[in-house]
Amino acid sequence: MGKSKRGKQKKFDIVVFPRSVLPKEKPVSLKERQWSELPSDILLKIFEKVGQINVLTKAIRVCRDWLEVARNDPILWRKVDMTYHGDQFGPNDLEDIACVAVNWSAGQLEEFSAEKFGSGALLQYIASRSSNLKCIRLIKSPVSRKTLKKVIKRCPLIEEIELTGYLCTPALCQAIGLLCPRLKCFRLNEISFYPGYSHERNSIANCIGITMPNLHSLQLISSRMTEKGLYAILEGCPQLESLDVRNCCNLSINERIESELERIKILRLPDDSIDDWKFSHHLIPYYFDYDYCDCPSCAKSDSDSDSETYFDIEYGHIMFQHWD
């Protein structure tokens, strides 16, 4: 430290000690750490990062205080995302975990996402305890179409629905459009591709165009529709801002379609890369060694067992198909 003189400012010398001279901190073992002293606001942010599955299976076992923080904050469970869980849990375990998350949400649940699980009983339980539900995402879910319609009917605030790897039908698509007048985002993605009957493959697109006029975002990865179906969508959804039709191998963009697509702000075309899609690992490669035709025998194989009715926009009359 420098000497001070009258009329002059003090000068301070900065002394840097070698690291070897500094006192060493005693390492704290895991047993000695006070996990309960972590502030609850920081803890909640950590819980949001690790995800609901890890919170319910690991984090709440650290100490009783962590359990109380997780259980007593419904905002943490407002968005329950149970995707990307791998194969470390079976469907029954995942349903039990989901039920706990729904209970702890205390009626505040707004978004629910499930991958490779989700029975009808679970979805109906969610619908009965979540009056604010606005978003449902089902990835390769085994729930039946009949039950799914019942669930959607009990959730009038639904604004977003995603069905990936799910066997959707024109009847179900029409029901979604009619039961969800607030629907703004719809994702209907197939994980495998097959050509299908020429009229059949545009039926879902026609239902979207006639029953979902308020859509802002639409994703139809690996759809079988042709440009005729896409035009029905663009004509029936004037508010559409985002459109994803990647991997739609039946779709060709002609001049008429191209002019309609100019108003779309976010556009992904059939030939665009699919690698950045978060569920691209579910896609099944397709190979064909035959030409698919429109004969009745080919059309017959494209139907299900039970009959259901939907309105066909292309021909303007009631169709009876073997759906659902």
# chains A, B, ... in the order shown; residues from 1 in each chain; ligands from 1

call {"tool": "residues_around", "arguments": {"residues": "segment 100-113 of chain A", "least_positions_apart": "2", "cutoff": "7 Å", "atoms": "only C-alpha atoms", "output": "ChimeraX atom specification"}}
result
/A:71,74-75,77-83,96-98,115,126,129-138

call {"tool": "write_last_selection", "arguments": {"atoms": "N, CA and C atoms", "output": "PDB file, in the first residue's frame"}}
result
ATOM      1  N   ARG A  71     -45.430 -30.587  -5.357  1.00  0.00           N
ATOM      2  CA  ARG A  71     -46.830 -30.943  -5.185  1.00  0.00           C
ATOM      3  C   ARG A  71     -47.727 -29.730  -4.974  1.00  0.00           C
ATOM      4  N   PRO A  74     -49.345 -25.688  -8.669  1.00  0.00           N
ATOM      5  CA  PRO A  74     -50.073 -26.158  -9.858  1.00  0.00           C
ATOM      6  C   PRO A  74     -49.538 -25.593 -11.173  1.00  0.00           C
ATOM      7  N   ILE A  75     -48.878 -24.422 -11.117  1.00  0.00           N
ATOM      8  CA  ILE A  75     -48.365 -23.816 -12.350  1.00  0.00           C
ATOM      9  C   ILE A  75     -47.314 -24.717 -12.998  1.00  0.00           C
ATOM     10  N   TRP A  77     -47.419 -27.771 -13.325  1.00  0.00           N
ATOM     11  CA  TRP A  77     -48.096 -28.852 -14.038  1.00  0.00           C
ATOM     12  C   TRP A  77     -49.112 -28.329 -15.048  1.00  0.00           C
ATOM     13  N   ARG A  78     -48.987 -27.062 -15.386  1.00  0.00           N
ATOM     14  CA  ARG A  78     -49.891 -26.491 -16.381  1.00  0.00           C
ATOM     15  C   ARG A  78     -49.617 -27.066 -17.770  1.00  0.00           C
ATOM     16  N   LYS A  79     -48.343 -27.415 -18.041  1.00  0.00           N
ATOM     17  CA  LYS A  79     -47.954 -28.051 -19.292  1.00  0.00           C
ATOM     18  C   LYS A  79     -47.248 -29.355 -18.960  1.00  0.00           C
ATOM     19  N   VAL A  80     -47.880 -30.460 -19.288  1.00  0.00           N
ATOM     20  CA  VAL A  80     -47.323 -31.780 -19.000  1.00  0.00           C
ATOM     21  C   VAL A  80     -46.884 -32.417 -20.309  1.00  0.00           C
ATOM     22  N   ASP A  81     -45.558 -32.518 -20.488  1.00  0.00           N
ATOM     23  CA  ASP A  81     -44.982 -33.090 -21.706  1.00  0.00           C
ATOM     24  C   ASP A  81     -44.336 -34.423 -21.359  1.00  0.00           C
ATOM     25  N   MET A  82     -44.952 -35.510 -21.813  1.00  0.00           N
ATOM     26  CA  MET A  82     -44.450 -36.852 -21.526  1.00  0.00           C
ATOM     27  C   MET A  82     -44.005 -37.533 -22.808  1.00  0.00           C
ATOM     28  N   THR A  83     -43.250 -36.802 -23.617  1.00  0.00           N
ATOM     29  CA  THR A  83     -42.625 -37.359 -24.808  1.00  0.00           C
ATOM     30  C   THR A  83     -41.136 -37.554 -24.527  1.00  0.00           C
ATOM     31  N   ASP A  96     -49.670 -43.946 -14.753  1.00  0.00           N
ATOM     32  CA  ASP A  96     -49.683 -43.608 -13.326  1.00  0.00           C
ATOM     33  C   ASP A  96     -49.002 -42.254 -13.095  1.00  0.00           C
ATOM     34  N   ILE A  97     -47.871 -42.045 -13.774  1.00  0.00           N
ATOM     35  CA  ILE A  97     -47.167 -40.766 -13.644  1.00  0.00           C
ATOM     36  C   ILE A  97     -48.038 -39.618 -14.145  1.00  0.00           C
ATOM     37  N   ALA A  98     -48.722 -39.840 -15.274  1.00  0.00           N
ATOM     38  CA  ALA A  98     -49.586 -38.803 -15.841  1.00  0.00           C
ATOM     39  C   ALA A  98     -50.735 -38.467 -14.893  1.00  0.00           C
ATOM     40  N   GLU A 115     -46.441 -39.800 -25.641  1.00  0.00           N
ATOM     41  CA  GLU A 115     -45.808 -40.530 -26.733  1.00  0.00           C
ATOM     42  C   GLU A 115     -45.810 -42.027 -26.420  1.00  0.00           C
ATOM     43  N   ILE A 126     -58.258 -37.155 -17.673  1.00  0.00           N
ATOM     44  CA  ILE A 126     -57.699 -35.812 -17.885  1.00  0.00           C
ATOM     45  C   ILE A 126     -58.802 -34.819 -18.216  1.00  0.00           C
ATOM     46  N   ARG A 129     -60.916 -33.654 -15.240  1.00  0.00           N
ATOM     47  CA  ARG A 129     -60.274 -32.851 -14.208  1.00  0.00           C
ATOM     48  C   ARG A 129     -59.535 -31.632 -14.766  1.00  0.00           C
ATOM     49  N   SER A 130     -59.703 -31.361 -16.058  1.00  0.00           N
ATOM     50  CA  SER A 130     -58.947 -30.264 -16.687  1.00  0.00           C
ATOM     51  C   SER A 130     -59.867 -29.434 -17.574  1.00  0.00           C
ATOM     52  N   SER A 131     -60.625 -28.567 -16.966  1.00  0.00           N
ATOM     53  CA  SER A 131     -61.578 -27.752 -17.724  1.00  0.00           C
ATOM     54  C   SER A 131     -60.881 -26.678 -18.567  1.00  0.00           C
ATOM     55  N   ASN A 132     -59.598 -26.401 -18.274  1.00  0.00           N
ATOM     56  CA  ASN A 132     -58.857 -25.387 -19.024  1.00  0.00           C
ATOM     57  C   ASN A 132     -57.984 -25.975 -20.128  1.00  0.00           C
ATOM     58  N   LEU A 133     -58.151 -27.247 -20.444  1.00  0.00           N
ATOM     59  CA  LEU A 133     -57.293 -27.913 -21.423  1.00  0.00           C
ATOM     60  C   LEU A 133     -57.435 -27.259 -22.797  1.00  0.00           C
ATOM     61  N   LYS A 134     -56.294 -26.838 -23.353  1.00  0.00           N
ATOM     62  CA  LYS A 134     -56.286 -26.157 -24.641  1.00  0.00           C
ATOM     63  C   LYS A 134     -55.495 -26.905 -25.711  1.00  0.00           C
ATOM     64  N   CYS A 135     -54.685 -27.854 -25.295  1.00  0.00           N
ATOM     65  CA  CYS A 135     -53.811 -28.529 -26.259  1.00  0.00           C
ATOM     66  C   CYS A 135     -53.678 -30.007 -25.921  1.00  0.00           C
ATOM     67  N   ILE A 136     -53.835 -30.861 -26.927  1.00  0.00           N
ATOM     68  CA  ILE A 136     -53.620 -32.299 -26.787  1.00  0.00           C
ATOM     69  C   ILE A 136     -52.671 -32.745 -27.893  1.00  0.00           C
ATOM     70  N   ARG A 137     -51.581 -33.404 -27.500  1.00  0.00           N
ATOM     71  CA  ARG A 137     -50.644 -33.956 -28.476  1.00  0.00           C
ATOM     72  C   ARG A 137     -50.491 -35.446 -28.203  1.00  0.00           C
ATOM     73  N   LEU A 138     -50.814 -36.264 -29.172  1.00  0.00           N
ATOM     74  CA  LEU A 138     -50.726 -37.715 -29.031  1.00  0.00           C
ATOM     75  C   LEU A 138     -49.800 -38.259 -30.111  1.00  0.00           C
TER      76      LEU A 138
END

call {"tool": "residues_around", "arguments": {"residues": "Ala59 of chain A", "least_positions_apart": "6", "cutoff": "8 Å", "atoms": "only C-alpha atoms", "output": "mmCIF file with N, CA, C and O atoms, in the first residue's frame"}}
result
data_model
loop_
_atom_site.group_PDB
_atom_site.id
_atom_site.type_symbol
_atom_site.label_atom_id
_atom_site.label_comp_id
_atom_site.auth_asym_id
_atom_site.auth_seq_id
_atom_site.Cartn_x
_atom_site.Cartn_y
_atom_site.Cartn_z
ATOM 1 N N PHE A 47 -37.049 -27.738 -12.163
ATOM 2 C CA PHE A 47 -38.075 -28.748 -12.438
ATOM 3 C C PHE A 47 -38.618 -28.596 -13.865
ATOM 4 O O PHE A 47 -38.880 -29.582 -14.550
ATOM 5 N N TRP A 66 -38.453 -30.775 -1.430
ATOM 6 C CA TRP A 66 -38.614 -30.800 -2.879
ATOM 7 C C TRP A 66 -39.965 -31.397 -3.258
ATOM 8 O O TRP A 66 -40.612 -30.942 -4.189
ATOM 9 N N LEU A 67 -40.359 -32.413 -2.535
ATOM 10 C CA LEU A 67 -41.676 -33.016 -2.779
ATOM 11 C C LEU A 67 -42.787 -32.011 -2.553
ATOM 12 O O LEU A 67 -43.721 -31.907 -3.362
#

call {"tool": "residues_around", "arguments": {"residues": "Phe279 of chain A", "least_positions_apart": "3", "cutoff": "9 Å", "atoms": "only C-alpha atoms", "output": "ChimeraX atom specification"}}
result
/A:139,164,191,276,282-283

call {"tool": "closest_residue", "arguments": {"among": "A:Val50, A:Cys207, A:Leu230, A:Leu215", "to": "Leu172 of chain A", "atoms": "only C-alpha atoms"}}
result
A:Cys207

call {"tool": "residues_around", "arguments": {"residues": "Ser252 of chain A", "least_positions_apart": "3", "cutoff": "12 Å", "atoms": "only C-alpha atoms", "output": "list in words"}}
result
Arg224, Met225, Thr226, Glu227, Lys228, Gly229, Leu230, Tyr231, Val245, Arg246, Asn247, Cys248, Cys249, Glu255, Arg256, Ile257, Glu258, Leu269, Pro270 and Asp271 of chain A

call {"tool": "write_last_selection", "arguments": {"atoms": "N, CA, C and O atoms", "output": "PDB file, in the first residue's frame"}}
result
ATOM      1  N   ARG A 224     -51.259 -38.271 -47.775  1.00  0.00           N
ATOM      2  CA  ARG A 224     -51.454 -38.876 -49.096  1.00  0.00           C
ATOM      3  C   ARG A 224     -52.200 -37.950 -50.055  1.00  0.00           C
ATOM      4  O   ARG A 224     -52.479 -38.340 -51.194  1.00  0.00           O
ATOM      5  N   MET A 225     -52.543 -36.768 -49.627  1.00  0.00           N
ATOM      6  CA  MET A 225     -53.364 -35.894 -50.462  1.00  0.00           C
ATOM      7  C   MET A 225     -52.622 -35.449 -51.721  1.00  0.00           C
ATOM      8  O   MET A 225     -51.388 -35.452 -51.788  1.00  0.00           O
ATOM      9  N   THR A 226     -53.395 -35.024 -52.698  1.00  0.00           N
ATOM     10  CA  THR A 226     -52.859 -34.466 -53.930  1.00  0.00           C
ATOM     11  C   THR A 226     -53.067 -32.945 -53.902  1.00  0.00           C
ATOM     12  O   THR A 226     -53.569 -32.389 -52.923  1.00  0.00           O
ATOM     13  N   GLU A 227     -52.711 -32.286 -55.011  1.00  0.00           N
ATOM     14  CA  GLU A 227     -52.897 -30.835 -55.074  1.00  0.00           C
ATOM     15  C   GLU A 227     -54.370 -30.447 -54.980  1.00  0.00           C
ATOM     16  O   GLU A 227     -54.707 -29.342 -54.561  1.00  0.00           O
ATOM     17  N   LYS A 228     -55.270 -31.368 -55.335  1.00  0.00           N
ATOM     18  CA  LYS A 228     -56.700 -31.095 -55.216  1.00  0.00           C
ATOM     19  C   LYS A 228     -57.098 -30.929 -53.753  1.00  0.00           C
ATOM     20  O   LYS A 228     -57.873 -30.038 -53.398  1.00  0.00           O
ATOM     21  N   GLY A 229     -56.564 -31.804 -52.889  1.00  0.00           N
ATOM     22  CA  GLY A 229     -56.845 -31.684 -51.459  1.00  0.00           C
ATOM     23  C   GLY A 229     -56.221 -30.447 -50.858  1.00  0.00           C
ATOM     24  O   GLY A 229     -56.830 -29.772 -50.022  1.00  0.00           O
ATOM     25  N   LEU A 230     -55.001 -30.124 -51.269  1.00  0.00           N
ATOM     26  CA  LEU A 230     -54.337 -28.942 -50.748  1.00  0.00           C
ATOM     27  C   LEU A 230     -55.081 -27.674 -51.133  1.00  0.00           C
ATOM     28  O   LEU A 230     -55.208 -26.742 -50.326  1.00  0.00           O
ATOM     29  N   TYR A 231     -55.592 -27.631 -52.346  1.00  0.00           N
ATOM     30  CA  TYR A 231     -56.344 -26.452 -52.770  1.00  0.00           C
ATOM     31  C   TYR A 231     -57.615 -26.289 -51.939  1.00  0.00           C
ATOM     32  O   TYR A 231     -58.015 -25.173 -51.606  1.00  0.00           O
ATOM     33  N   VAL A 245     -46.110 -29.358 -45.328  1.00  0.00           N
ATOM     34  CA  VAL A 245     -46.544 -30.525 -46.123  1.00  0.00           C
ATOM     35  C   VAL A 245     -45.325 -31.321 -46.577  1.00  0.00           C
ATOM     36  O   VAL A 245     -45.296 -31.870 -47.668  1.00  0.00           O
ATOM     37  N   ARG A 246     -44.335 -31.422 -45.722  1.00  0.00           N
ATOM     38  CA  ARG A 246     -43.143 -32.183 -46.067  1.00  0.00           C
ATOM     39  C   ARG A 246     -43.462 -33.673 -46.220  1.00  0.00           C
ATOM     40  O   ARG A 246     -44.349 -34.205 -45.548  1.00  0.00           O
ATOM     41  N   ASN A 247     -42.723 -34.298 -47.100  1.00  0.00           N
ATOM     42  CA  ASN A 247     -42.845 -35.740 -47.323  1.00  0.00           C
ATOM     43  C   ASN A 247     -44.192 -36.137 -47.921  1.00  0.00           C
ATOM     44  O   ASN A 247     -44.562 -37.311 -47.874  1.00  0.00           O
ATOM     45  N   CYS A 248     -44.933 -35.195 -48.468  1.00  0.00           N
ATOM     46  CA  CYS A 248     -46.205 -35.509 -49.139  1.00  0.00           C
ATOM     47  C   CYS A 248     -45.893 -35.851 -50.601  1.00  0.00           C
ATOM     48  O   CYS A 248     -45.866 -34.966 -51.469  1.00  0.00           O
ATOM     49  N   CYS A 249     -45.676 -37.122 -50.858  1.00  0.00           N
ATOM     50  CA  CYS A 249     -45.130 -37.540 -52.157  1.00  0.00           C
ATOM     51  C   CYS A 249     -46.158 -37.509 -53.287  1.00  0.00           C
ATOM     52  O   CYS A 249     -45.784 -37.582 -54.461  1.00  0.00           O
ATOM     53  N   GLU A 255     -49.042 -24.035 -60.773  1.00  0.00           N
ATOM     54  CA  GLU A 255     -49.103 -22.571 -60.737  1.00  0.00           C
ATOM     55  C   GLU A 255     -50.272 -22.071 -59.896  1.00  0.00           C
ATOM     56  O   GLU A 255     -50.160 -21.065 -59.193  1.00  0.00           O
ATOM     57  N   ARG A 256     -51.381 -22.772 -59.959  1.00  0.00           N
ATOM     58  CA  ARG A 256     -52.554 -22.366 -59.186  1.00  0.00           C
ATOM     59  C   ARG A 256     -52.278 -22.458 -57.687  1.00  0.00           C
ATOM     60  O   ARG A 256     -52.600 -21.540 -56.926  1.00  0.00           O
ATOM     61  N   ILE A 257     -51.661 -23.567 -57.276  1.00  0.00           N
ATOM     62  CA  ILE A 257     -51.321 -23.746 -55.867  1.00  0.00           C
ATOM     63  C   ILE A 257     -50.249 -22.751 -55.439  1.00  0.00           C
ATOM     64  O   ILE A 257     -50.303 -22.172 -54.350  1.00  0.00           O
ATOM     65  N   GLU A 258     -49.291 -22.535 -56.305  1.00  0.00           N
ATOM     66  CA  GLU A 258     -48.188 -21.637 -55.976  1.00  0.00           C
ATOM     67  C   GLU A 258     -48.665 -20.216 -55.707  1.00  0.00           C
ATOM     68  O   GLU A 258     -48.177 -19.539 -54.792  1.00  0.00           O
ATOM     69  N   LEU A 269     -42.332 -27.256 -47.875  1.00  0.00           N
ATOM     70  CA  LEU A 269     -42.816 -27.948 -49.066  1.00  0.00           C
ATOM     71  C   LEU A 269     -42.432 -29.429 -49.041  1.00  0.00           C
ATOM     72  O   LEU A 269     -41.581 -29.853 -48.235  1.00  0.00           O
ATOM     73  N   PRO A 270     -43.038 -30.238 -49.939  1.00  0.00           N
ATOM     74  CA  PRO A 270     -42.802 -31.687 -49.909  1.00  0.00           C
ATOM     75  C   PRO A 270     -41.342 -32.105 -49.962  1.00  0.00           C
ATOM     76  O   PRO A 270     -40.950 -33.095 -49.323  1.00  0.00           O
ATOM     77  N   ASP A 271     -40.509 -31.387 -50.691  1.00  0.00           N
ATOM     78  CA  ASP A 271     -39.106 -31.780 -50.849  1.00  0.00           C
ATOM     79  C   ASP A 271     -38.184 -31.216 -49.777  1.00  0.00           C
ATOM     80  O   ASP A 271     -36.985 -31.512 -49.786  1.00  0.00           O
TER      81      ASP A 271
END

call {"tool": "atom_distance", "arguments": {"atom1": "atom CA of Pro91 of chain A", "atom2": "atom CA of Lys116 of chain A"}}
result
7.5 Å

call {"tool": "closest_residue", "arguments": {"among": "A:Ala121, A:Ile208, A:Ser192, A:Tyr166", "to": "Cys180 of chain A", "atoms": "only C-alpha atoms"}}
result
A:Ile208

call {"tool": "atom_distance", "arguments": {"atom1": "atom CA of Gly51 of chain A", "atom2": "atom CA of Arg187 of chain A"}}
result
22.8 Å

call {"tool": "closest_residue", "arguments": {"among": "A:Leu43, A:Gly165, A:Asp244, A:Leu218", "to": "Ile274 of chain A", "atoms": "only C-alpha atoms"}}
result
A:Asp244

call {"tool": "atom_distance", "arguments": {"atom1": "atom CA of Ser242 of chain A", "atom2": "atom CA of Lys184 of chain A"}}
result
10.6 Å

call {"tool": "residues_around", "arguments": {"residues": "Lys265 of chain A", "least_positions_apart": "2", "cutoff": "9 Å", "atoms": "only C-alpha atoms", "output": "list in words"}}
result
Leu240, Glu241, Ser242, Leu243, Leu261, Glu262, Arg263 and Leu267 of chain A

call {"tool": "write_last_selection", "arguments": {"atoms": "all heavy atoms", "output": "PDB file, in the first residue's frame"}}
result
ATOM      1  N   LEU A 240     -54.858 -19.131 -42.600  1.00  0.00           N
ATOM      2  CA  LEU A 240     -53.687 -19.990 -42.476  1.00  0.00           C
ATOM      3  C   LEU A 240     -52.401 -19.196 -42.689  1.00  0.00           C
ATOM      4  O   LEU A 240     -52.238 -18.511 -43.699  1.00  0.00           O
ATOM      5  CB  LEU A 240     -53.778 -21.127 -43.500  1.00  0.00           C
ATOM      6  CG  LEU A 240     -52.918 -22.368 -43.237  1.00  0.00           C
ATOM      7  CD1 LEU A 240     -53.322 -23.029 -41.928  1.00  0.00           C
ATOM      8  CD2 LEU A 240     -53.046 -23.351 -44.385  1.00  0.00           C
ATOM      9  N   GLU A 241     -51.473 -19.303 -41.722  1.00  0.00           N
ATOM     10  CA  GLU A 241     -50.202 -18.589 -41.781  1.00  0.00           C
ATOM     11  C   GLU A 241     -49.006 -19.533 -41.852  1.00  0.00           C
ATOM     12  O   GLU A 241     -47.952 -19.148 -42.342  1.00  0.00           O
ATOM     13  CB  GLU A 241     -50.054 -17.673 -40.562  1.00  0.00           C
ATOM     14  CG  GLU A 241     -51.112 -16.583 -40.478  1.00  0.00           C
ATOM     15  CD  GLU A 241     -50.952 -15.728 -39.238  1.00  0.00           C
ATOM     16  OE1 GLU A 241     -50.124 -16.113 -38.361  1.00  0.00           O
ATOM     17  OE2 GLU A 241     -51.623 -14.694 -39.125  1.00  0.00           O
ATOM     18  N   SER A 242     -49.177 -20.748 -41.325  1.00  0.00           N
ATOM     19  CA  SER A 242     -48.088 -21.718 -41.303  1.00  0.00           C
ATOM     20  C   SER A 242     -48.588 -23.039 -41.887  1.00  0.00           C
ATOM     21  O   SER A 242     -49.630 -23.551 -41.472  1.00  0.00           O
ATOM     22  CB  SER A 242     -47.579 -21.922 -39.870  1.00  0.00           C
ATOM     23  OG  SER A 242     -46.603 -22.938 -39.818  1.00  0.00           O
ATOM     24  N   LEU A 243     -47.833 -23.575 -42.847  1.00  0.00           N
ATOM     25  CA  LEU A 243     -48.226 -24.821 -43.523  1.00  0.00           C
ATOM     26  C   LEU A 243     -47.004 -25.703 -43.711  1.00  0.00           C
ATOM     27  O   LEU A 243     -45.985 -25.271 -44.240  1.00  0.00           O
ATOM     28  CB  LEU A 243     -48.876 -24.516 -44.868  1.00  0.00           C
ATOM     29  CG  LEU A 243     -49.303 -25.728 -45.714  1.00  0.00           C
ATOM     30  CD1 LEU A 243     -50.396 -26.520 -45.009  1.00  0.00           C
ATOM     31  CD2 LEU A 243     -49.775 -25.275 -47.090  1.00  0.00           C
ATOM     32  N   LEU A 261     -50.170 -20.107 -52.268  1.00  0.00           N
ATOM     33  CA  LEU A 261     -49.197 -20.260 -51.184  1.00  0.00           C
ATOM     34  C   LEU A 261     -48.439 -18.976 -50.879  1.00  0.00           C
ATOM     35  O   LEU A 261     -47.711 -18.916 -49.883  1.00  0.00           O
ATOM     36  CB  LEU A 261     -48.204 -21.367 -51.534  1.00  0.00           C
ATOM     37  CG  LEU A 261     -48.760 -22.799 -51.576  1.00  0.00           C
ATOM     38  CD1 LEU A 261     -47.681 -23.770 -52.041  1.00  0.00           C
ATOM     39  CD2 LEU A 261     -49.292 -23.217 -50.210  1.00  0.00           C
ATOM     40  N   GLU A 262     -48.578 -17.968 -51.702  1.00  0.00           N
ATOM     41  CA  GLU A 262     -47.850 -16.716 -51.484  1.00  0.00           C
ATOM     42  C   GLU A 262     -48.249 -16.025 -50.183  1.00  0.00           C
ATOM     43  O   GLU A 262     -47.463 -15.280 -49.609  1.00  0.00           O
ATOM     44  CB  GLU A 262     -48.075 -15.778 -52.668  1.00  0.00           C
ATOM     45  CG  GLU A 262     -47.424 -16.262 -53.963  1.00  0.00           C
ATOM     46  CD  GLU A 262     -47.674 -15.310 -55.119  1.00  0.00           C
ATOM     47  OE1 GLU A 262     -48.439 -14.333 -54.916  1.00  0.00           O
ATOM     48  OE2 GLU A 262     -47.126 -15.545 -56.213  1.00  0.00           O
ATOM     49  N   ARG A 263     -49.449 -16.280 -49.710  1.00  0.00           N
ATOM     50  CA  ARG A 263     -49.906 -15.639 -48.480  1.00  0.00           C
ATOM     51  C   ARG A 263     -49.425 -16.375 -47.220  1.00  0.00           C
ATOM     52  O   ARG A 263     -49.560 -15.862 -46.115  1.00  0.00           O
ATOM     53  CB  ARG A 263     -51.436 -15.563 -48.459  1.00  0.00           C
ATOM     54  CG  ARG A 263     -52.133 -16.923 -48.453  1.00  0.00           C
ATOM     55  CD  ARG A 263     -53.640 -16.757 -48.479  1.00  0.00           C
ATOM     56  NE  ARG A 263     -54.358 -17.998 -48.671  1.00  0.00           N
ATOM     57  CZ  ARG A 263     -54.753 -18.790 -47.676  1.00  0.00           C
ATOM     58  NH1 ARG A 263     -54.494 -18.445 -46.425  1.00  0.00           N
ATOM     59  NH2 ARG A 263     -55.417 -19.900 -47.935  1.00  0.00           N
ATOM     60  N   LEU A 267     -43.699 -21.718 -44.605  1.00  0.00           N
ATOM     61  CA  LEU A 267     -44.073 -22.763 -45.558  1.00  0.00           C
ATOM     62  C   LEU A 267     -42.982 -23.820 -45.658  1.00  0.00           C
ATOM     63  O   LEU A 267     -41.811 -23.502 -45.863  1.00  0.00           O
ATOM     64  CB  LEU A 267     -44.327 -22.144 -46.940  1.00  0.00           C
ATOM     65  CG  LEU A 267     -44.720 -23.096 -48.065  1.00  0.00           C
ATOM     66  CD1 LEU A 267     -46.039 -23.783 -47.745  1.00  0.00           C
ATOM     67  CD2 LEU A 267     -44.814 -22.335 -49.389  1.00  0.00           C
TER      68      LEU A 267
END
